[in-house]
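Q: Provided herewith is a single structure, encoded as structure tokens, for subsequent inquiry.
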Protein chains: 4
Amino acid sequence: MPTARELGLMPPGAITGPQITGPQNDICDVPGLHVGHCTIRRGDLATGVTAILPHSEDLFRLKPRAGVEVINGFGKSAGLMQVAELGTLETPILLTNTFGIAACSEALIRRAIAANPEIGRATSTVNPVVMECNDGAISDIQALAVTTADAMTAIANATGDPVQQGAVGAGTGMTAFGFKAGIGSASRRMSIGDTEFTLGALVLANFGARGDLILPDGRRPDPRGPALPERGSVIVILATDLPLDARQLQRVARRAGAGLARLGAFWGHGSGDIALCLTTADPLEHAPIQAISTQRRLSDDLIDLPFRAAAETTQEAVLNALCMAPATDGRRVEGRPRRHFPALADWLAANPSQKG
Amino acid sequence: MPTARELGLMPPGAITGPQITGPQNDICDVPGLHVGHCTIRRGDLATGVTAILPHSEDLFRLKPRAGVEVINGFGKSAGLMQVAELGTLETPILLTNTFGIAACSEALIRRAIAANPEIGRATSTVNPVVMECNDGAISDIQALAVTTADAMTAIANATGDPVQQGAVGAGTGMTAFGFKAGIGSASRRMSIGDTEFTLGALVLANFGARGDLILPDGRRPDPRGPALPERGSVIVILATDLPLDARQLQRVARRAGAGLARLGAFWGHGSGDIALCLTTADPLEHAPIQAISTQRRLSDDLIDLPFRAAAETTQEAVLNALCMAPATDGRRVEGRPRRHFPALADWLAANPSQKG
Amino acid sequence: MPTARELGLMPPGAITGPQITGPQNDICDVPGLHVGHCTIRRGDLATGVTAILPHSEDLFRLKPRAGVEVINGFGKSAGLMQVAELGTLETPILLTNTFGIAACSEALIRRAIAANPEIGRATSTVNPVVMECNDGAISDIQALAVTTADAMTAIANATGDPVQQGAVGAGTGMTAFGFKAGIGSASRRMSIGDTEFTLGALVLANFGARGDLILPDGRRPDPRGPALPERGSVIVILATDLPLDARQLQRVARRAGAGLARLGAFWGHGSGDIALCLTTADPLEHAPIQAISTQRRLSDDLIDLPFRAAAETTQEAVLNALCMAPATDGRRVEGRPRRHFPALADWLAANPSQKG
Amino acid sequence: MPTARELGLMPPGAITGPQITGPQNDICDVPGLHVGHCTIRRGDLATGVTAILPHSEDLFRLKPRAGVEVINGFGKSAGLMQVAELGTLETPILLTNTFGIAACSEALIRRAIAANPEIGRATSTVNPVVMECNDGAISDIQALAVTTADAMTAIANATGDPVQQGAVGAGTGMTAFGFKAGIGSASRRMSIGDTEFTLGALVLANFGARGDLILPDGRRPDPRGPALPERGSVIVILATDLPLDARQLQRVARRAGAGLARLGAFWGHGSGDIALCLTTADPLEHAPIQAISTQRRLSDDLIDLPFRAAAETTQEAVLNALCMAPATDGRRVEGRPRRHFPALADWLAANPSQKG
């Protein structure tokens with residue numbers, strides 16, 4: 001499936017201004033960050049797990065700094081309270097469906113203990129971070145189908161290769177604005193002095209009522225089908241190699257909400273809209289030898305660079321999730337016609353821009 | 001000056017969906033709410049005060065419920081901490097320039113004491129709510145020109161007539177996205193059962209870097225002039241007669257940020273972006289006779305109605321602030337060419353939409 | 001084991017002022033509220049689950065209002081983000097050990113689906129609320145021993161009878177201030193007009209470094225044993241039948257922190273100190289028929305009553321957890337002498353008050 | 001007047017554990033920090049201003065890092081929203097009475113402009129930080145007596161000498177727990193490796209209902225007089241030379257609430273209880289030359305040291321405010337007997353400890 005840029009939704013310069021995308025235009029442009037999927041398709045199931053690994057070393061021993069923004073808290077994600085308090089991650093981030101939180105959490109705990117047998121014994125416990133959307137429109141969420149093995153598969157699949165997007169991993173059964181959606185990603189590069197930095201977004205897009213989507217050119221694609229109350233959600237993972245402290249990371253995470261709003265979202269009541277921003281710069285040791293360490297920190301005078309990039313990559317990542325997911329039928333429900341979720345790419349082909 | 005709708009920026013139905021505007025399409029469509037301005041123009045001064053009075057009775061004795069959202073806290077507004085804790089207002093809301101906070105606060109305190117001599121003696125003190133933007137690009141903010149008398153004038157001028165918009169009151173010296181801006185307003189009506197309710201927005205728009213503005217049709221108006229770092233702010237006052245509790249009001253206030261983002265804002269570092277939402281329904285008595293009262297409360301199942309209206313009216317109010325403010329020259333600065341802030345209406349006349 | 005009052009730690013009037021305890025002096029004095037335990041003791045395991053059911057009807061269909069205060073967020077509790085956003089509960093509250101969160105969450109999901117087959121299909125999903133402390137000093141937490149069956153047992157055991165306290169249910173393996181601790185509870189009654197209301201606390205006490213405990217008479221019991229870094233936590237569940245809105249409930253929850261501080265706690269870095277306050281008054285329907293409902297609300301002028309009761313019952317509940325737990329040996333660790341956690345009751349017997 | 005230690009309220013070791021006080025046992029033990037008072041006593045006035053200057057250089061150009069905790073937000077303090085967002089101070093901190101906020105804010109603005117004429121012109125505006133309690137029980141708060149000149153006098157008086165405590169500066173007219181109170185201070189030293197660090201507290205104590213005070217030995221001093229609703233407040237300024245980031249500073253500020261609770265406070269509804277923690281370490285330049293700077297940061301593994309010190313110094317500073325303030329009569333109110341606020345020192349003399 002084509003990207004939003006390939007479909008003409010993101011004319012160069014029109015949205016990005018002086019900023020440019022990274023080589024892959026996805027979150028894996030952040031050096032060292034890996035993404036992996038486990039896709040589950042069988043019977044009534046279309047679900048899965050997506051893993052984000054900030055770096056390749058042990059995350060419990062070398063904790064990336066992170067901040068969280070709860071844009072709308074109608075959601076069941078795990079581990080965010082501790083990230084907010086401490087400003088650090090200590091496991092991979094897993095994305096999955098709402099009822100997959102427990103299995104994914106258990107997988108992260110068992111994996112951390114296997115690598116660090118002192119957890120819960122000679123040292124503290126571990127805080128699994130798992131985030132979710134409800135894919136019940138397409139998949140049978142009551143099956144509680146995701147297993148700890150699925151979570152481990154997603155982690156094992158993680159690489160720095162171009163991120164698979166659309167109906168894959170945790171995005172397999174997700175929909176947005178009445179269209180099929182799923183996983184999307186995008187990135188921006190920023191020059192600060194002589195150094196290039198990157199900020200990338202990966203979204204699990206499952207939000208927005210039919211008819212609310214706004215394209216960058218102002219058009220409002222409205223797929224066929226009944227108006228349904230929004231019960232979706234969207235998870236935005238932002239990652240960067242800029243040296244940002246926990247307070248700055250929380251502020252960057254907040255700007256994901258601006259990217260969602262530009263797409264027409266108003267962060268609906270029933271939508272769990274959560275953003276997390278991590279940096280790979282200057283992670284914190286689990287048991288530091290030194291009482292006082294030094295950490296690099298971007299001047300707030302320049303923080304509009306990652307703010308802008310966070311809004312833009314979130315917007316583009318959602319558009320990619322929409323553009324790269326093929327049309328799909330909804331879950332079979334006895335006594336009701338099966339719902340259809342068209343592809344945005346098909347809508348765009350049938351509705352060419354008047355500007356072109 | 002024309003409104004955004006008169007300039008074709010808000011095609012009926014394209015943005016509003018099933019919702020429609022109130023008869024004035026401004027915040028005074030909320031029954032009982034009054035707005036007044038005091039405009040200061042002399043010498044190097046172009047500043048003022050705008051007053052919002054939720055109802056016409058004594059606000060200290062009958063406190064409207066309210067919620068606050070600090071979208072980006074680079075600002076000096078007064079009184080918000082107590083609104084966040086208690087969920088109530090007890091004075092009019094005044095808008096002014098950054099260094100006018102002290103004079104406006106003093107005016108609200110003196111006015112409350114005059115009407116309630118027991119304040120600070122037989123009962124608690126009073127919490128003045130004053131919000132601000134920095135109009136230093138046009139006006140001499142160092143003059144600390146706003147007086148308590150100016151604040152009282154704005155309050156005395158308050159009526160339920162159509163809100164004067166553009167370069168008036170606190171908006172006299174404000175700019176946004178490189179254009180002249182100021183005060184803007186808009187409203188939406190909502191039917192719930194047999195009853196009509198209204199939500200209105202009034203903005204003090206002074207935010208957004210040159211070139212960042214996005215019109216509803218996707219165009220990005222870029223006025224002439226140098227790129228300057230954003231040091232602006234925006235204040236969004238939302239008002240409704242829907243019965244909402246303090247938690248719901250804070251959630252509605254948060255959606256103002258979505259309206260700003262649709263205009264291209266990413267809530268820049270240097271911008272004090274603050275939203276306050278009040279309801280005129282079921283105000284709280286200062287000294288209630290009954291220990292337990294009953295209050296009406298909208299079901300959360302319907303809260304997407306005011307959420308959507310908050311985002312839309314914020315967006316339209318800012319567009320009105322831009323459309324209804326005439327071009328203005330900036331403050332005289334020795335040794336520098338005087339800056340010019342064009343009118344968006346002029347840009348629109350010179351750049352007719354390709355769609356029309 | 002005796003209560004704190006029976007041991008003379010809470011002289012009548014000295015702490016409670018005009019307030020008095022409920023008939024059981026525990027959280028089940030709140031009409032309709034039930035508590036149940038599942039205690040797990042075998043081999044290296046001393047852990048369990050404690051269930052709090054605010055009322056006896058289906059909690060998904062009739063949601064109690066609630067507020068949350070994260071006193072220190074070094075914890076892994078589930079479901080709190082949504083409680084903070086929506087101000088409601090929709091499952092029983094389960095308490096367990098840190099690594100029992102996943103199993104307890106799954107149990108609550110399966111139980112809710114069994115009673116409401118439309119969950120995740122015709123209606124939204126469900127938000128399990130599970131809170132935890134780390135009992136690794138006594139129990140083998142790496143065993144991930146708690147099962148969904150254990151969670152269901154705790155729920156099935158729930159009654160309104162006097163709450164079993166000390167080393168029982170989730171409290172089986174918990175310690176505090178170097179002493180054995182666990183579950184504790186207390187309550188206060190409040191007269192408002194002609195009506196009696198109750199506020200009760202139930203704590204899972206597992207916090208506080210050796211030597212930091214302060215008794216109400218100022219004494220500081222210091223058990224034998226090595227000084228260890230605090231890696232504990234404390235969960236405080238407050239419940240009342242006072243009609244309080246979500247904002248008020250959050251404010252009451254915050255006062256649990258005052259009760260902890262009076263015991264000598266300073267909410268240590270490694271301690272997950274979380275309070276949740278629910279009211280059984282005026283619960284919200286899952287699918288309300290009416291768009292606008294009326295709800296009773298206590299005047300803020302009287303909210304110091306539940307504030308004071310929250311601080312006092314939290315303090316007394318922790319003292320009860322300490323007084324009612326017998327001395328216990330810690331988990332067997334190869335190559336290290338086994339740690340001993342004495343009973344506070346034994347210390348009090350050996351150190352009679354000079355005042356008596 | 002004697003300190004709390006001189007009156008035997010703080011037996012060495014009983015409260016401080018391994019930590020010890022600084023040489024002055026006040027906030028000026030933090031190197032470079034200065035405190036000054038302006039006391040106003042005439043006619044019905046007993047009020048004033050207290051200034052805290054974190055360092056002696058221009059605070060606008062070299063901004064100390066800071067964090068804020070709103071323990072209970074029934075208050076009118078200025079400037080806290082921006083401190084929370086940016087994590088920095090850029091003016092001295094002024095303490096005064098509730099209706100002195102406007103004059104003190106204006107003084108800080110004028111002072112900053114005088115030293116930095118580019119404020120509001122070539123650079124951003126300035127954020128005055130002023131915090132307050134209501135001294136209306138003793139002083140005529142309706143007089144709005146505090147002037148900009150008084151604020152400047154407090155700043156001009158600032159030195160690093162031992163802090164004047166009791167009924168002085170902003171504390172002149174304050175009361176707590178039915179006793180006369182005012183300004184109090186205390187400090188703790190902490191060894192980290194080979195380096196000594198200090199954390200100090202300065203409180204403006206004006207909180208607590210008659211009969212609620214708890215002394216460290218468990219006694220509850222109850223002065224004569226009628227029970228009145230609490231309408232007080234307490235401001236806690238914590239300062240340290242430990243290198244802490246903004247998130248850590250906010251967490252330390254939160255622990256002031258534990259110190260208040262140990263004194264019997266439950267952070268009453270009508271009390272504006274606010275804590276601010278600043279560090280003199282590694283301040284941020286207003287216009288940094290380098291895009292990326294390095295900053296020192298204490299390991300979270302050691303943050304219990306300042307947590308504990310924050311709770312202890314807050315508690316001791318309040319006791320000092322109580323012990324060092326002489327008995328005073330309340331404001332003359334026609335038709336009512338004049339209220340009397342006894343000294344805690346007198347109560348202690350009349351009620352010798354049974355333990356001694």
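Just so we're on the same page: first chain in the structure tokens is A, next is B, and so on; residues restart at 1 for each chain, and ligands are numbered from 1 in the order they show up.
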Mind checking which residues fall within 7 Å of region 107-120 of chain D, counting only C-alpha atoms, ignoring those fewer than 2 positions away in the same chain, and posting them as a PyMOL selection string?

A: (chain B and resi 136+141-142) or (chain D and resi 91+103-105+122-126+128+148+151-152)

Q: Write to file, as a short mmCIF file (atom, residue, chain, number, x, y, z; two decimals), in the first residue's frame, the residues of the selection just made, with N, CA and C atoms.

A:
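Wrote part_8.cif, looks like this:
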data_model
loop_
_atom_site.label_atom_id
_atom_site.label_comp_id
_atom_site.auth_asym_id
_atom_site.auth_seq_id
_atom_site.Cartn_x
_atom_site.Cartn_y
_atom_site.Cartn_z
N GLY B 136 3.00 43.40 23.35
CA GLY B 136 4.19 44.26 23.22
C GLY B 136 4.63 44.52 21.78
N ILE B 141 4.13 47.82 26.39
CA ILE B 141 3.70 47.07 27.56
C ILE B 141 4.41 47.53 28.83
N GLN B 142 5.62 48.06 28.68
CA GLN B 142 6.37 48.53 29.86
C GLN B 142 5.69 49.71 30.55
N THR D 91 12.31 35.77 39.22
CA THR D 91 12.27 36.91 40.14
C THR D 91 12.53 36.39 41.55
N ALA D 103 0.30 44.44 44.40
CA ALA D 103 1.39 45.39 44.61
C ALA D 103 2.75 44.69 44.52
N CYS D 104 2.86 43.52 45.12
CA CYS D 104 4.15 42.81 45.08
C CYS D 104 4.48 42.36 43.65
N SER D 105 3.47 41.95 42.89
CA SER D 105 3.72 41.56 41.50
C SER D 105 4.23 42.77 40.71
N ALA D 122 12.44 43.47 23.46
CA ALA D 122 13.26 42.58 22.64
C ALA D 122 13.24 41.14 23.14
N THR D 123 12.67 40.93 24.33
CA THR D 123 12.60 39.56 24.83
C THR D 123 11.24 39.35 25.49
N SER D 124 11.07 38.22 26.10
CA SER D 124 9.77 37.90 26.69
C SER D 124 9.47 38.79 27.89
N THR D 125 8.28 38.64 28.46
CA THR D 125 7.93 39.36 29.68
C THR D 125 8.53 38.62 30.88
N VAL D 126 8.10 38.96 32.06
CA VAL D 126 8.68 38.36 33.26
C VAL D 126 7.54 37.86 34.15
N PRO D 128 6.36 37.28 37.76
CA PRO D 128 6.55 37.51 39.20
C PRO D 128 5.94 36.37 40.02
N THR D 148 4.13 48.77 46.55
CA THR D 148 5.33 48.35 45.81
C THR D 148 6.58 48.75 46.58
N ALA D 151 7.40 46.13 49.10
CA ALA D 151 8.00 44.97 48.46
C ALA D 151 9.48 45.22 48.20
N MET D 152 9.80 46.42 47.70
CA MET D 152 11.20 46.74 47.42
C MET D 152 12.02 46.79 48.70
#

Q: Apply DSSP to the structure's backbone, then extract all residues of region 108-168 of chain B labelled alpha helix (DSSP H) and return them as a PyMOL selection string.

A: chain B and resi 108-115+148-156

Q: Could those residues be written to a file, using C-alpha atoms, as a PDB file, in the first residue's frame?

A:
ATOM      1  CA  LEU B 108     -11.894  42.878  41.033  1.00  0.00           C
ATOM      2  CA  ILE B 109     -10.949  42.738  44.719  1.00  0.00           C
ATOM      3  CA  ARG B 110     -12.167  46.279  45.393  1.00  0.00           C
ATOM      4  CA  ARG B 111     -15.394  45.651  43.472  1.00  0.00           C
ATOM      5  CA  ALA B 112     -16.087  42.452  45.405  1.00  0.00           C
ATOM      6  CA  ILE B 113     -15.425  44.125  48.761  1.00  0.00           C
ATOM      7  CA  ALA B 114     -17.674  47.044  47.853  1.00  0.00           C
ATOM      8  CA  ALA B 115     -20.546  44.653  47.215  1.00  0.00           C
ATOM      9  CA  THR B 148      -8.230  49.775  37.938  1.00  0.00           C
ATOM     10  CA  ALA B 149     -10.519  52.374  36.357  1.00  0.00           C
ATOM     11  CA  ASP B 150     -10.043  50.753  32.943  1.00  0.00           C
ATOM     12  CA  ALA B 151     -11.007  47.413  34.429  1.00  0.00           C
ATOM     13  CA  MET B 152     -14.143  48.899  35.969  1.00  0.00           C
ATOM     14  CA  THR B 153     -15.017  50.526  32.638  1.00  0.00           C
ATOM     15  CA  ALA B 154     -14.866  47.196  30.827  1.00  0.00           C
ATOM     16  CA  ILE B 155     -17.156  45.670  33.457  1.00  0.00           C
ATOM     17  CA  ALA B 156     -19.549  48.623  33.285  1.00  0.00           C
TER      18      ALA B 156
END

Q: Distance cut-off 7 Å, counting only C-alpha atoms - which residues of chain B neighbour chain A? Return them as a PDB file with C-alpha atoms, in the first residue's frame.

A:
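File produced: part.pdb:
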ATOM      1  CA  PRO B 216     -10.288  25.267   6.967  1.00  0.00           C
ATOM      2  CA  ASP B 217      -9.703  24.689   3.229  1.00  0.00           C
ATOM      3  CA  GLY B 218      -6.060  23.795   3.815  1.00  0.00           C
ATOM      4  CA  ARG B 255     -10.914  20.631  23.797  1.00  0.00           C
ATOM      5  CA  ALA B 258      -8.042  20.962  19.466  1.00  0.00           C
ATOM      6  CA  ALA B 261      -4.355  22.924  16.645  1.00  0.00           C
ATOM      7  CA  ARG B 262      -6.668  22.830  13.628  1.00  0.00           C
ATOM      8  CA  PHE B 266       1.258  23.339  18.188  1.00  0.00           C
ATOM      9  CA  GLY B 268       4.484  26.745  21.199  1.00  0.00           C
ATOM     10  CA  HIS B 269       6.902  26.916  24.103  1.00  0.00           C
ATOM     11  CA  ILE B 303     -20.436  15.007  26.346  1.00  0.00           C
ATOM     12  CA  ASP B 304     -19.062  14.714  22.819  1.00  0.00           C
ATOM     13  CA  PHE B 307     -16.454  18.624  23.224  1.00  0.00           C
ATOM     14  CA  ARG B 308     -17.072  19.083  19.506  1.00  0.00           C
ATOM     15  CA  ALA B 311     -13.149  22.686  19.365  1.00  0.00           C
TER      16      ALA B 311
END

Q: Write out as a PyMOL selection string all residues of region 254-354 of chain C that DSSP puts in strand (DSSP E) for this structure's backbone.

A: chain C and resi 272-285+292-298+328-329+340-341

Q: Just N, CA, C and O atoms for this one: save the residues we selected as a short mmCIF file (atom, residue, chain, number, x, y, z; two decimals), in the first residue's frame.

A:
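What ended up in again.cif:
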data_model
loop_
_atom_site.label_atom_id
_atom_site.label_comp_id
_atom_site.auth_asym_id
_atom_site.auth_seq_id
_atom_site.Cartn_x
_atom_site.Cartn_y
_atom_site.Cartn_z
N GLY C 272 5.05 2.96 46.26
CA GLY C 272 3.87 3.30 45.47
C GLY C 272 2.71 3.60 46.41
O GLY C 272 2.05 2.67 46.87
N ASP C 273 2.50 4.86 46.69
CA ASP C 273 1.50 5.26 47.68
C ASP C 273 0.30 5.82 46.94
O ASP C 273 0.35 6.93 46.40
N ILE C 274 -0.79 5.06 46.93
CA ILE C 274 -1.95 5.41 46.12
C ILE C 274 -3.19 5.39 46.97
O ILE C 274 -3.38 4.48 47.78
N ALA C 275 -4.05 6.39 46.79
CA ALA C 275 -5.33 6.41 47.50
C ALA C 275 -6.47 6.54 46.50
O ALA C 275 -6.36 7.26 45.50
N LEU C 276 -7.53 5.82 46.77
CA LEU C 276 -8.74 5.89 45.95
C LEU C 276 -9.91 6.09 46.90
O LEU C 276 -10.02 5.40 47.92
N CYS C 277 -10.78 7.04 46.59
CA CYS C 277 -11.97 7.27 47.41
C CYS C 277 -13.21 7.08 46.54
O CYS C 277 -13.33 7.69 45.48
N LEU C 278 -14.11 6.23 47.01
CA LEU C 278 -15.37 5.99 46.28
C LEU C 278 -16.54 6.39 47.16
O LEU C 278 -16.45 6.40 48.39
N THR C 279 -17.63 6.72 46.50
CA THR C 279 -18.88 6.91 47.24
C THR C 279 -19.92 5.94 46.72
O THR C 279 -19.99 5.66 45.51
N THR C 280 -20.71 5.44 47.64
CA THR C 280 -21.82 4.58 47.25
C THR C 280 -23.06 5.41 46.91
O THR C 280 -24.07 4.86 46.46
N ALA C 281 -22.97 6.72 47.09
CA ALA C 281 -24.14 7.58 46.84
C ALA C 281 -24.28 7.86 45.35
O ALA C 281 -23.29 8.15 44.67
N ASP C 282 -25.51 7.81 44.86
CA ASP C 282 -25.84 8.25 43.51
C ASP C 282 -24.89 7.71 42.45
O ASP C 282 -24.26 8.47 41.71
N PRO C 283 -24.79 6.38 42.33
CA PRO C 283 -23.93 5.83 41.27
C PRO C 283 -24.50 6.17 39.90
O PRO C 283 -25.67 6.50 39.76
N LEU C 284 -23.64 6.06 38.87
CA LEU C 284 -24.03 6.41 37.51
C LEU C 284 -24.39 5.15 36.73
O LEU C 284 -23.67 4.15 36.77
N GLU C 285 -25.48 5.22 35.99
CA GLU C 285 -25.87 4.08 35.16
C GLU C 285 -24.94 3.96 33.96
O GLU C 285 -24.49 4.96 33.40
N ILE C 292 -29.98 14.15 31.21
CA ILE C 292 -29.56 14.97 32.34
C ILE C 292 -30.16 14.39 33.61
O ILE C 292 -31.37 14.20 33.72
N SER C 293 -29.28 14.08 34.56
CA SER C 293 -29.74 13.52 35.82
C SER C 293 -29.45 14.53 36.93
O SER C 293 -28.71 15.48 36.74
N THR C 294 -30.03 14.30 38.08
CA THR C 294 -29.67 15.13 39.23
C THR C 294 -28.89 14.28 40.20
O THR C 294 -29.16 13.09 40.39
N GLN C 295 -27.90 14.91 40.81
CA GLN C 295 -27.08 14.20 41.78
C GLN C 295 -26.93 15.06 43.02
O GLN C 295 -26.78 16.29 42.93
N ARG C 296 -26.94 14.39 44.17
CA ARG C 296 -26.72 15.13 45.41
C ARG C 296 -25.23 15.43 45.57
O ARG C 296 -24.38 14.69 45.09
N ARG C 297 -24.97 16.51 46.28
CA ARG C 297 -23.57 16.93 46.44
C ARG C 297 -23.43 17.65 47.77
O ARG C 297 -24.16 18.60 48.06
N LEU C 298 -22.47 17.20 48.57
CA LEU C 298 -22.19 17.84 49.85
C LEU C 298 -21.62 19.23 49.60
O LEU C 298 -20.77 19.43 48.71
N THR C 328 6.50 -12.69 61.88
CA THR C 328 6.69 -13.61 60.76
C THR C 328 8.15 -13.58 60.33
O THR C 328 8.81 -12.56 60.44
N ASP C 329 8.60 -14.72 59.82
CA ASP C 329 9.94 -14.75 59.23
C ASP C 329 9.87 -14.42 57.75
O ASP C 329 8.89 -14.74 57.07
N HIS C 340 13.60 -11.38 60.12
CA HIS C 340 12.46 -11.55 61.02
C HIS C 340 11.68 -10.24 61.09
O HIS C 340 12.26 -9.17 61.21
N PHE C 341 10.37 -10.35 60.97
CA PHE C 341 9.50 -9.17 61.07
C PHE C 341 8.66 -9.30 62.33
O PHE C 341 7.69 -10.07 62.37
#

Q: Could you give me, as a list in words, the residues within 10 Å of Asn127 (chain C), counting only C-alpha atoms and dropping anything in the same chain fewer than 3 positions from it?

A: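 Surrounding residues, per the criterion: Phe74, Gly75, Lys76, Ser77, Thr98 and Phe99 of chain A; Phe60, Ala78, Gly79, Leu80, Met81, Gln82, Val83, Thr88, Leu89, Glu90, Thr91, Ser105, Leu108, Ile109, Ala112, Ser124 and Val130 of chain C.
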
Q: One decimal, Å: what's the distance from CA of Ala349 (chain D) over to CA of Ala46 (chain D), could you say?

A: 26.0 Å

Q: In Å, with one decimal, what is the gap from CA of Glu316 (chain A) to CA of Glu57 (chain A)?

A: 29.6 Å

Q: I'd like the contact shell of Gly184 (chain B) - 8 Å cut-off, only C-alpha atoms, skipping same-chain residues fewer than 5 positions apart - returned as a count of residues only.

A: 13

Q: So what do you get for CA of Val70 (chain A) versus CA of Val129 (chain A), distance-wise?

A: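 Here the two named atoms are 14.2 Å from each other.
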